[in-house]
>>> print(open('run-v8.cif').read())   # mmCIF, C-alpha atoms
data_coords
#
loop_
_atom_site.label_atom_id
_atom_site.label_comp_id
_atom_site.auth_asym_id
_atom_site.auth_seq_id
_atom_site.Cartn_x
_atom_site.Cartn_y
_atom_site.Cartn_z
CA MET A 915 0.00 0.00 0.00
CA VAL A 916 2.81 2.40 1.01
CA ILE A 917 4.82 1.46 -2.10
CA LYS A 918 1.77 1.99 -4.32
CA ARG A 919 1.18 5.43 -2.77
CA ALA A 920 4.83 6.40 -3.17
CA PHE A 921 4.68 5.29 -6.81
CA VAL A 922 1.58 7.44 -7.44
CA VAL A 923 3.26 10.47 -5.79
CA LEU A 924 6.35 9.92 -7.94
CA LEU A 925 4.23 9.62 -11.08
CA VAL A 926 2.32 12.83 -10.31
CA ALA A 927 5.58 14.66 -9.54
CA MET A 928 7.04 13.49 -12.86
CA LEU A 929 3.96 14.64 -14.77
CA LEU A 930 4.15 18.05 -13.13
CA ILE A 931 7.87 18.51 -13.75
CA THR A 932 8.00 17.25 -17.36
CA PRO A 933 6.31 20.24 -19.05
CA VAL A 934 8.67 22.62 -17.22
CA LEU A 935 11.70 20.63 -18.38
CA VAL A 936 10.37 20.43 -21.95
CA ASN A 937 9.73 24.20 -22.02
CA ALA A 938 13.18 24.96 -20.65
CA SER A 939 14.82 22.67 -23.18
CA ASP A 940 12.70 24.15 -26.03
CA SER A 941 13.74 27.63 -24.97
CA ALA A 942 17.42 26.66 -24.81
CA SER A 943 17.42 24.82 -28.13
CA SER A 944 15.71 27.66 -30.03
CA ALA A 945 18.17 30.08 -28.36
CA ILE A 946 21.11 27.99 -29.62
CA VAL A 947 19.74 27.88 -33.20
CA ALA A 948 19.06 31.65 -33.19
CA ALA A 949 22.45 32.50 -31.62
CA ASP A 950 24.27 30.32 -34.13
CA ARG A 951 22.50 32.05 -37.03
CA ASP A 952 23.02 35.57 -35.65
CA ALA A 953 26.69 35.05 -34.75
CA ARG A 954 27.44 33.75 -38.26
CA ALA A 955 25.63 36.72 -39.81
CA ASN A 956 27.17 39.37 -37.56
CA THR A 957 30.79 38.25 -37.19
CA SER A 958 33.03 39.66 -39.88
CA GLY A 959 35.29 36.79 -40.99
CA GLY A 960 37.08 39.05 -43.49
CA LEU A 961 38.04 41.55 -40.79
CA TRP A 962 39.60 38.86 -38.59
CA PHE A 963 41.35 37.29 -41.59
CA ALA A 964 42.91 40.70 -42.27
CA ALA A 965 43.83 41.07 -38.56
CA GLY A 966 45.58 37.67 -38.64
CA CYS A 967 47.28 38.53 -41.93
CA LEU A 968 48.54 41.92 -40.76
CA PHE A 969 49.27 41.28 -37.09
CA GLY A 970 50.08 37.55 -37.13
CA LEU A 971 49.82 35.88 -33.73
CA LEU A 972 48.73 39.18 -32.15
CA GLY A 973 45.67 39.11 -34.44
CA VAL A 974 44.93 35.50 -33.48
CA GLY A 975 45.32 36.43 -29.78
CA ALA A 976 42.97 39.40 -30.20
CA ALA A 977 40.41 37.17 -31.96
CA TYR A 978 40.53 34.80 -29.01
CA ILE A 979 40.34 37.48 -26.33
CA MET A 980 37.77 39.84 -27.93
CA GLU A 981 34.40 38.18 -27.54
CA PRO A 982 31.63 39.06 -29.99
CA SER A 983 28.56 40.64 -28.40
CA PRO A 984 24.96 39.82 -29.32
CA LYS A 985 22.37 42.49 -30.03
CA ALA A 986 20.13 43.54 -27.15
CA SER A 987 17.08 43.23 -29.42
CA SER A 988 17.67 39.46 -29.66
CA LEU A 989 17.20 39.20 -25.89
CA LEU A 990 14.10 41.40 -25.50
CA GLY A 991 11.22 39.45 -23.95
CA LYS A 992 13.24 36.25 -23.60
CA SER A 993 13.41 34.04 -20.52
CA PRO A 994 16.57 33.86 -18.35
CA GLU A 995 17.25 30.32 -19.70
CA TYR A 996 17.05 31.65 -23.27
CA VAL A 997 19.33 34.63 -22.50
CA ALA A 998 21.93 32.38 -20.84
CA ALA A 999 21.90 29.83 -23.68
CA TYR A 1000 21.85 32.47 -26.42
CA THR A 1001 24.74 34.55 -25.05
CA GLU A 1002 26.93 31.47 -24.42
CA GLU A 1003 26.32 30.08 -27.90
CA TYR A 1004 26.76 33.46 -29.59
CA LYS A 1005 30.06 33.98 -27.81
CA SER A 1006 31.28 30.49 -28.65
CA VAL A 1007 30.32 30.55 -32.36
CA GLY A 1008 31.48 34.15 -32.86
CA LYS A 1009 34.81 33.46 -31.17
CA SER A 1010 35.33 30.32 -33.23
CA ILE A 1011 34.73 32.25 -36.50
CA GLN A 1012 37.06 35.04 -35.38
CA THR A 1013 39.86 32.71 -34.29
CA LYS A 1014 39.57 30.43 -37.35
CA ASN A 1015 39.73 33.38 -39.76
CA ALA A 1016 42.53 35.12 -37.85
CA LEU A 1017 44.53 31.86 -37.84
CA THR A 1018 44.00 31.41 -41.59
CA GLY A 1019 45.04 35.04 -42.09
CA CYS A 1020 48.12 34.48 -39.92
CA VAL A 1021 49.20 31.41 -41.94
CA VAL A 1022 48.49 33.14 -45.28
CA GLY A 1023 50.40 36.23 -44.06
CA ALA A 1024 53.38 34.09 -43.01
CA VAL A 1025 53.43 32.22 -46.35
CA VAL A 1026 53.22 35.46 -48.32
CA GLU A 1027 56.01 36.95 -46.18
CA ALA A 1028 58.19 33.85 -46.75
CA VAL A 1029 57.60 33.98 -50.51
CA VAL A 1030 58.41 37.71 -50.62
CA PHE A 1031 61.67 37.21 -48.67
CA THR A 1032 62.66 34.20 -50.82
CA VAL A 1033 62.08 36.17 -54.04
CA TYR A 1034 63.91 39.14 -52.56
CA TYR A 1035 66.86 36.87 -51.54
CA PHE A 1036 67.12 35.35 -55.02
CA VAL A 1037 66.87 38.75 -56.69
CA ILE A 1038 69.76 40.02 -54.55
CA LEU A 1039 71.70 36.80 -55.13
CA ALA A 1040 71.15 37.05 -58.89
CA ALA A 1041 72.18 40.70 -58.86
CA ALA A 1042 75.34 39.88 -56.87
CA THR A 1043 76.40 36.97 -59.12
CA SER A 1044 75.73 38.86 -62.33
CA THR A 1045 77.65 41.98 -61.28
CA THR A 1046 80.56 42.66 -63.62
CA TYR A 1047 83.58 44.79 -62.77
CA MET B 1139 26.62 46.19 -40.14
CA LEU B 1140 26.06 49.86 -39.50
CA ASN B 1141 24.17 50.73 -36.35
CA LEU B 1142 21.46 53.19 -37.30
CA SER B 1143 20.70 55.37 -34.32
CA PHE B 1144 18.84 58.61 -34.30
CA VAL B 1145 19.64 62.04 -33.02
CA VAL B 1146 16.83 63.45 -30.91
CA ILE B 1147 16.70 65.88 -28.04
CA ALA B 1148 13.61 64.72 -26.15
CA THR B 1149 12.48 61.91 -23.91
CA PHE B 1150 9.52 59.69 -24.72
CA THR B 1151 7.58 56.93 -23.05
CA GLY B 1152 4.84 54.69 -24.37
CA LEU B 1153 3.64 51.17 -24.95
CA PHE B 1154 5.02 48.83 -27.58
CA THR B 1155 4.09 45.53 -29.17
CA GLN B 1156 6.77 43.80 -31.20
CA ILE B 1157 5.92 40.82 -33.38
CA ASN B 1158 8.87 38.81 -34.71
CA VAL B 1159 8.45 36.33 -37.53
CA SER B 1160 11.36 34.22 -38.79
CA LYS B 1161 12.09 30.67 -39.87
CA ILE B 1162 13.30 29.86 -36.36
CA GLN B 1163 10.70 31.52 -34.19
CA ASN B 1164 7.52 33.56 -34.11
CA ASP B 1165 6.90 35.56 -31.01
CA THR B 1166 5.21 38.63 -29.59
CA VAL B 1167 6.70 40.93 -26.97
CA LYS B 1168 4.70 43.61 -25.17
CA GLY B 1169 5.70 46.25 -22.71
CA ARG B 1170 6.48 49.86 -21.95
CA PHE B 1171 9.50 51.81 -23.13
CA TYR B 1172 11.26 54.86 -21.78
CA MET B 1173 13.86 56.54 -23.91
CA ASN B 1174 16.24 59.42 -23.75
CA PRO B 1175 17.95 58.88 -27.08
CA PRO B 1176 20.62 58.18 -27.98
CA SER B 1177 22.12 57.72 -24.52
CA TYR B 1178 19.52 55.87 -22.43
CA TYR B 1179 16.63 53.44 -22.78
CA LEU B 1180 14.62 51.21 -20.45
CA MET B 1181 12.16 48.56 -21.62
CA HIS B 1182 9.77 46.99 -19.14
CA VAL B 1183 8.46 43.87 -20.85
CA ASN B 1184 5.27 42.42 -19.34
CA TYR B 1185 4.60 39.72 -21.94
CA PRO B 1186 5.68 36.91 -22.35
CA VAL B 1187 7.96 37.39 -19.33
CA ASP B 1188 8.39 40.07 -16.70
CA GLN B 1189 11.70 41.59 -17.80
CA VAL B 1190 13.47 44.92 -17.41
CA LEU B 1191 16.13 45.72 -19.98
CA PHE B 1192 18.14 48.93 -19.74
CA ASN B 1193 21.56 50.39 -20.36
CA ARG B 1194 24.25 52.31 -18.52
CA GLY B 1195 26.58 53.52 -21.26
CA ASP B 1196 27.67 50.47 -23.23
CA THR B 1197 26.54 47.99 -20.56
CA THR B 1198 23.16 46.27 -20.94
CA PHE B 1199 21.33 45.06 -17.82
CA ILE B 1200 18.56 42.46 -17.97
CA TYR B 1201 16.57 41.88 -14.78
CA TYR B 1202 13.71 39.50 -14.03
CA PRO B 1203 11.78 40.92 -11.01
CA GLU B 1204 9.63 37.78 -10.59
CA THR B 1205 12.43 35.26 -10.51
CA ARG B 1206 14.91 37.76 -9.07
CA GLU B 1207 17.75 36.98 -11.45
CA GLY B 1208 19.63 39.08 -13.95
CA PHE B 1209 22.45 39.61 -16.42
CA LYS B 1210 25.05 42.30 -16.92
CA LEU B 1211 26.31 42.37 -20.50
CA ILE B 1212 29.38 44.55 -20.87
CA SER B 1213 30.01 45.55 -24.46
CA ASN B 1214 32.39 47.94 -26.16
CA TYR B 1215 29.70 49.68 -28.19
CA SER B 1216 26.21 51.06 -27.69
CA ASN B 1217 23.71 48.24 -28.15
CA SER B 1218 20.11 49.37 -27.99
CA PRO B 1219 17.11 47.24 -29.01
CA GLU B 1220 15.17 47.87 -32.23
CA VAL B 1221 12.20 49.21 -30.24
CA SER B 1222 14.19 52.18 -28.97
CA LYS B 1223 16.42 52.87 -31.95
CA SER B 1224 13.77 52.67 -34.68
CA LEU B 1225 11.27 55.02 -33.15
CA ILE B 1226 12.23 58.48 -34.18
CA PRO B 1227 13.70 58.73 -37.66
CA VAL B 1228 15.26 62.14 -37.42
CA PHE B 1229 18.28 61.65 -39.61
CA LYS B 1230 20.89 64.30 -39.95
CA ASP B 1231 23.41 64.31 -42.76
CA GLU B 1232 26.24 65.22 -40.44
CA TYR B 1233 25.38 62.29 -38.14
CA LEU B 1234 25.62 59.86 -41.05
CA THR B 1235 28.94 61.49 -41.97
CA LYS B 1236 30.16 60.70 -38.48
CA LEU B 1237 29.25 57.07 -39.17
CA GLY B 1238 31.41 57.14 -42.28
CA MET B 1239 28.56 57.71 -44.78
CA ILE B 1240 28.30 60.46 -47.39
CA LEU B 1241 25.34 61.66 -49.44
CA VAL B 1242 26.11 60.54 -53.01
CA LYS B 1243 22.80 61.04 -54.80
CA SER B 1244 19.31 62.44 -54.30
CA ASP B 1245 16.22 62.33 -56.52
CA TYR B 1246 12.92 64.21 -56.25
CA LYS B 1247 9.93 62.91 -58.18
CA ASN B 1248 6.17 63.38 -57.62
CA GLY B 1249 6.61 64.51 -54.03
CA VAL B 1250 8.97 61.65 -53.17
CA LEU B 1251 12.52 62.50 -52.12
CA THR B 1252 15.08 59.69 -52.22
CA LYS B 1253 18.55 60.09 -50.73
CA TYR B 1254 21.42 57.64 -51.15
CA TYR B 1255 24.29 57.47 -48.70
CA SER B 1256 27.44 55.44 -49.34
CA PRO B 1257 30.22 54.40 -46.97
CA THR B 1258 33.52 56.24 -47.34
CA ASP B 1259 35.28 52.92 -46.67
CA SER B 1260 35.56 51.23 -50.07
CA LYS B 1261 35.99 47.78 -48.42
CA SER B 1262 32.59 47.99 -46.73
CA LYS B 1263 30.04 45.28 -47.61
CA LEU B 1264 27.50 48.09 -47.75
CA LYS B 1265 26.77 49.88 -51.03
CA PHE B 1266 24.00 52.29 -50.09
CA ILE B 1267 21.64 53.40 -47.40
CA LYS B 1268 18.57 54.59 -49.26
CA ILE B 1269 16.15 56.88 -47.44
CA VAL B 1270 12.77 57.60 -49.02
CA TYR B 1271 10.76 60.61 -47.81
CA LYS B 1272 7.07 61.17 -48.59
CA ASN B 1273 5.48 64.46 -47.52
CA HIS B 1274 8.73 65.31 -45.72
CA LEU B 1275 8.41 62.19 -43.52
CA ILE B 1276 10.61 59.12 -43.71
CA ASN B 1277 8.64 56.40 -45.43
CA ARG B 1278 11.33 53.77 -45.96
CA ILE B 1279 14.97 53.07 -45.20
CA GLU B 1280 16.83 50.37 -47.11
CA VAL B 1281 20.29 48.95 -46.55
CA ILE B 1282 21.73 47.70 -49.86
CA ASP B 1283 24.84 45.53 -50.16
CA ARG B 1284 27.49 45.40 -52.93
CA ASP B 1285 25.48 42.74 -54.81
CA ASN B 1286 22.46 45.11 -54.87
CA ASN B 1287 20.55 42.97 -52.35
CA VAL B 1288 18.32 44.80 -49.89
CA VAL B 1289 19.59 43.29 -46.64
CA LYS B 1290 17.37 45.38 -44.40
CA ARG B 1291 14.27 47.45 -45.02
CA SER B 1292 12.36 49.50 -42.47
CA VAL B 1293 8.96 50.89 -43.42
CA TYR B 1294 7.54 53.72 -41.31
CA GLY B 1295 3.83 54.46 -41.08
CA ASN B 1296 0.89 55.71 -38.99
CA TYR B 1297 2.58 59.00 -38.12
CA LYS B 1298 1.15 60.97 -35.20
CA ARG B 1299 2.04 64.39 -33.87
CA VAL B 1300 3.51 64.20 -30.40
CA ASN B 1301 4.79 67.45 -28.97
CA ASN B 1302 5.18 69.01 -32.45
CA ARG B 1303 7.12 66.01 -33.70
CA ASN B 1304 5.95 63.45 -36.23
CA ILE B 1305 6.35 60.02 -34.74
CA PRO B 1306 5.66 56.78 -36.66
CA MET B 1307 3.39 54.49 -34.66
CA ARG B 1308 4.20 51.46 -36.79
CA ILE B 1309 7.59 50.30 -38.03
CA LYS B 1310 8.05 47.14 -40.06
CA ASN B 1311 11.59 45.80 -40.33
CA TYR B 1312 12.54 43.22 -42.95
CA SER B 1313 15.97 41.69 -42.80
CA ARG B 1314 17.77 38.99 -44.71
CA ILE B 1315 20.20 36.79 -42.82
CA ASN B 1316 22.02 34.13 -44.88
CA LYS B 1317 19.14 33.71 -47.36
CA ASP B 1318 16.58 33.56 -44.50
CA SER B 1319 14.31 36.51 -44.01
CA ALA B 1320 13.02 37.86 -40.73
CA VAL B 1321 10.22 40.37 -40.21
CA SER B 1322 9.49 42.38 -37.12
CA GLN B 1323 6.62 44.77 -36.68
CA ILE B 1324 6.69 47.29 -33.88
CA ASP B 1325 3.48 49.11 -32.92
CA TYR B 1326 3.63 52.00 -30.51
CA ASP B 1327 0.76 53.32 -28.45
CA SER B 1328 0.13 56.07 -25.88
CA VAL B 1329 3.41 57.75 -26.75
CA ILE B 1330 3.99 60.85 -24.68
CA TYR B 1331 6.74 63.41 -24.61
CA ARG B 1332 8.36 64.18 -21.31
CA GLU B 1333 10.66 66.98 -20.31
CA LYS B 1334 12.66 64.48 -18.30
CA LEU B 1335 12.33 60.80 -17.44
CA PRO B 1336 11.24 60.01 -13.88
CA ASP B 1337 14.21 59.59 -11.55
CA SER B 1338 13.16 56.01 -10.75
CA ILE B 1339 13.54 55.20 -14.46
CA GLU B 1340 16.57 57.33 -15.30
CA ASN B 1341 18.44 55.85 -12.33
CA TYR B 1342 16.77 52.44 -12.26
CA LYS B 1343 18.53 50.17 -9.81
CA ILE B 1344 18.45 46.40 -9.58
CA PRO B 1345 18.18 45.41 -5.90
CA PRO B 1346 21.75 45.05 -4.60
CA GLU B 1347 21.12 41.53 -3.24
CA ILE B 1348 20.50 40.20 -6.79
CA LYS B 1349 23.55 38.40 -8.11
CA LEU B 1350 23.95 39.28 -11.77
CA LYS B 1351 25.50 36.89 -14.25
CA GLU B 1352 28.21 38.99 -15.86
CA MET B 1353 29.33 38.63 -19.44
CA LYS B 1354 32.06 40.79 -20.89
CA TRP B 1355 33.02 41.27 -24.52
#
>>> encode(input="run-v8.cif", output="C-alpha cells")
Amino acid sequence: MVIKRAFVVLLVAMLLITPVLVNASDSASSAIVAADRDARANTSGGLWFAAGCLFGLLGVGAAYIMEPSPKASSLLGKSPEYVAAYTEEYKSVGKSIQTKNALTGCVVGAVVEAVVFTVYYFVILAAATSTTY
Amino acid sequence: MLNLSFVVIATFTGLFTQINVSKIQNDTVKGRFYMNPPSYYLMHVNYPVDQVLFNRGDTTFIYYPETREGFKLISNYSNSPEVSKSLIPVFKDEYLTKLGMILVKSDYKNGVLTKYYSPTDSKSKLKFIKIVYKNHLINRIEVIDRDNNVVKRSVYGNYKRVNNRNIPMRIKNYSRINKDSAVSQIDYDSVIYREKLPDSIENYKIPPEIKLKEMKW
C-alpha cells in the first residue's frame, strides 16, 4: 500500500515537472539555433582574416580574447534560460569564427612573407652573381 | 553592419508591441518603453515574461523581477534594441557622416525624395543606405549591399504628432540573414513626450542583493 502510494506520488511529480523541463529545453534549443545564425551573420570573418594577416599571432590572440557581443534586441522578452543559452552560444560561435579566420590570415600572411623574402633573396643573389667589374 | 541610431533631443515613453516572424521563431513581446535617445533606454516587458532591460553607457542590464535573477552584459559599443532605436527617424546628414557615410545622390519625383548614402570605406560590404521621404516624412529606409541585395528594409507608417514632432506608430523591419528573411513589426501606443524621465527610471537600480550573471566582450 505504502509502495503503491509512493509510486503514485512519484508519477504525479514526474507529470508536473515534465512540461517545465520540456519548455526549458525548447527555450534553450531555439536560443542555440538563433544564436548560431546571428553570430554567423554578424561576425566579420574578413576583418579577422585581415587582422591575422597583418598582425600575425597578435591578431589571433585578439580574436581569441575579444568576444563578440549579441544584439540587445535578440534578448528582449526572452526568458533567463534563453538569454543564458543564447549569449553562451553566440560567444562560442562568434569566437570560433574570429579565431579560425585570424589563424588562416596568420598562416596566409606568413606564407606570403616567406615567398616575398625568398624572391627578394634570389633577386639580390642574382644581382650579386651577375655583377661585372 | 552599421548601427542606425537617431539624433533626438527629447524623452519619450509609451507602450510597444513587437511581433517577430522568422524561420526559427515567431513571437510577440509587449511592454512599456522609456527613452532618452541616444544615450539611455529602459524597456519593461510584461509579456511573455516580466523583464526589465536597460543600459548604462555600453553595458546592458537584464533583470527578471519575478524570478529575481539578472544579467550584466558589458560591451564595447552602444547596443540598444530595435524598439528604442527605430522610433524616431530624425536623420541628420552630419550624423551619417560621423558614421562614415556620405550623401552621393538624391532624386525628387512626384513629391517623393530619395537620398542615397554610401560608406567612405571602399571595403565595406554596404553599397548604399537609401532613405525615401514622402510628404517630408521618412517612409522607408533600405540597406543595400554590394550585390544590390536589400539586406534590411524599415517601413515607417501611422505617423502621429507628439509634442510638435511626427512620430511613426508602426515600423516594419525586414531583414535577410544568410538567405533567410526575418520580419518584425513594432506598434507603438500612448506615446507621450516628457521633459525628463522620472528619476526612478533614469536611475533604475536592480536590488543590490540580486547576483547578476556577468558577461564581458
>>> interface_residues(input="run-v8.cif", of="chain A", to="chain B", cutoff="9 Å", atoms="all atoms listed in the file", output="PyMOL selection string")
chain A and resi 944+947-948+951-952+954-956+979-994+997-998+1001+1005
>>> closest_residue(input="run-v8.cif", among="B:Ile1330, B:Ala1320, B:Met1239, B:Ile1348", to="B:Leu1153", atoms="only C-alpha atoms")
B:Ile1330
>>> residues_around(input="run-v8.cif", residues="stretch 1254-1268 of chain B", least_positions_apart="3", cutoff="7 Å", atoms="only C-alpha atoms", output="ChimeraX atom specification")
/B:1238-1244,1279-1284
>>> atom_distance(input="run-v8.cif", atom1="atom CA of B:Asp1337", atom2="atom CA of B:Thr1149")
12.7 Å
>>> atom_distance(input="run-v8.cif", atom1="atom CA of B:Tyr1271", atom2="atom CA of B:Ile1157")
25.0 Å
>>> resolve_selection(input="run-v8.cif", expression="the PyMOL selection byres ((chain B and resi 1306) around 8)", output="PyMOL selection string")
chain B and resi 1225-1226+1294-1298+1304-1305+1307-1309
>>> residues_around(input="run-v8.cif", residues="B:Asn1158", least_positions_apart="6", cutoff="6 Å", atoms="only C-alpha atoms", output="list of chain:residue names")
B:Asn1164, B:Asp1165, B:Val1321, B:Ser1322
>>> atom_distance(input="run-v8.cif", atom1="atom CA of B:Asn1277", atom2="atom CA of B:Leu1335")
28.6 Å
>>> residues_around(input="run-v8.cif", residues="A:Ile946", least_positions_apart="5", cutoff="8 Å", atoms="all atoms listed in the file", output="compact mmCIF listing (two decimals) with C-alpha atoms, in the frame of the given file")
# COMPACT_ATOMS: atom_id res chain seq x y z
CA ALA A 999 21.90 29.83 -23.68
CA TYR A 1000 21.85 32.47 -26.42
CA GLU A 1003 26.32 30.08 -27.90
CA TYR A 1004 26.76 33.46 -29.59
>>> closest_residue(input="run-v8.cif", among="B:Val1250, B:Lys1210, B:Asn1174, B:Leu1180", to="B:Ile1339", atoms="all atoms listed in the file")
B:Leu1180
>>> resolve_selection(input="run-v8.cif", expression="the PyMOL selection byres ((chain B and resi 1328) around 6)", output="list of chain:residue names")
B:Gly1152, B:Asp1327, B:Val1329
>>> residues_near_point(input="run-v8.cif", point="(12.0, 61.9, -50.8)", cutoff="8 Å", atoms="all atoms listed in the file", output="VMD selection string")
chain B and resid 1245 to 1247 1249 to 1253 1269 to 1274 1276
>>> write_last_selection(input="run-v8.cif", atoms="C-alpha atoms", output="short mmCIF file (atom, residue, chain, number, x, y, z; two decimals), in the coordinates of the input")
data_model
loop_
_atom_site.label_atom_id
_atom_site.label_comp_id
_atom_site.auth_asym_id
_atom_site.auth_seq_id
_atom_site.Cartn_x
_atom_site.Cartn_y
_atom_site.Cartn_z
CA ASP B 1245 16.22 62.33 -56.52
CA TYR B 1246 12.92 64.21 -56.25
CA LYS B 1247 9.93 62.91 -58.18
CA GLY B 1249 6.61 64.51 -54.03
CA VAL B 1250 8.97 61.65 -53.17
CA LEU B 1251 12.52 62.50 -52.12
CA THR B 1252 15.08 59.69 -52.22
CA LYS B 1253 18.55 60.09 -50.73
CA ILE B 1269 16.15 56.88 -47.44
CA VAL B 1270 12.77 57.60 -49.02
CA TYR B 1271 10.76 60.61 -47.81
CA LYS B 1272 7.07 61.17 -48.59
CA ASN B 1273 5.48 64.46 -47.52
CA HIS B 1274 8.73 65.31 -45.72
CA ILE B 1276 10.61 59.12 -43.71
#
>>> closest_residue(input="run-v8.cif", among="B:Tyr1326, B:Tyr1178, B:Asp1285, B:Tyr1342", to="B:Phe1154", atoms="all atoms listed in the file")
B:Tyr1326
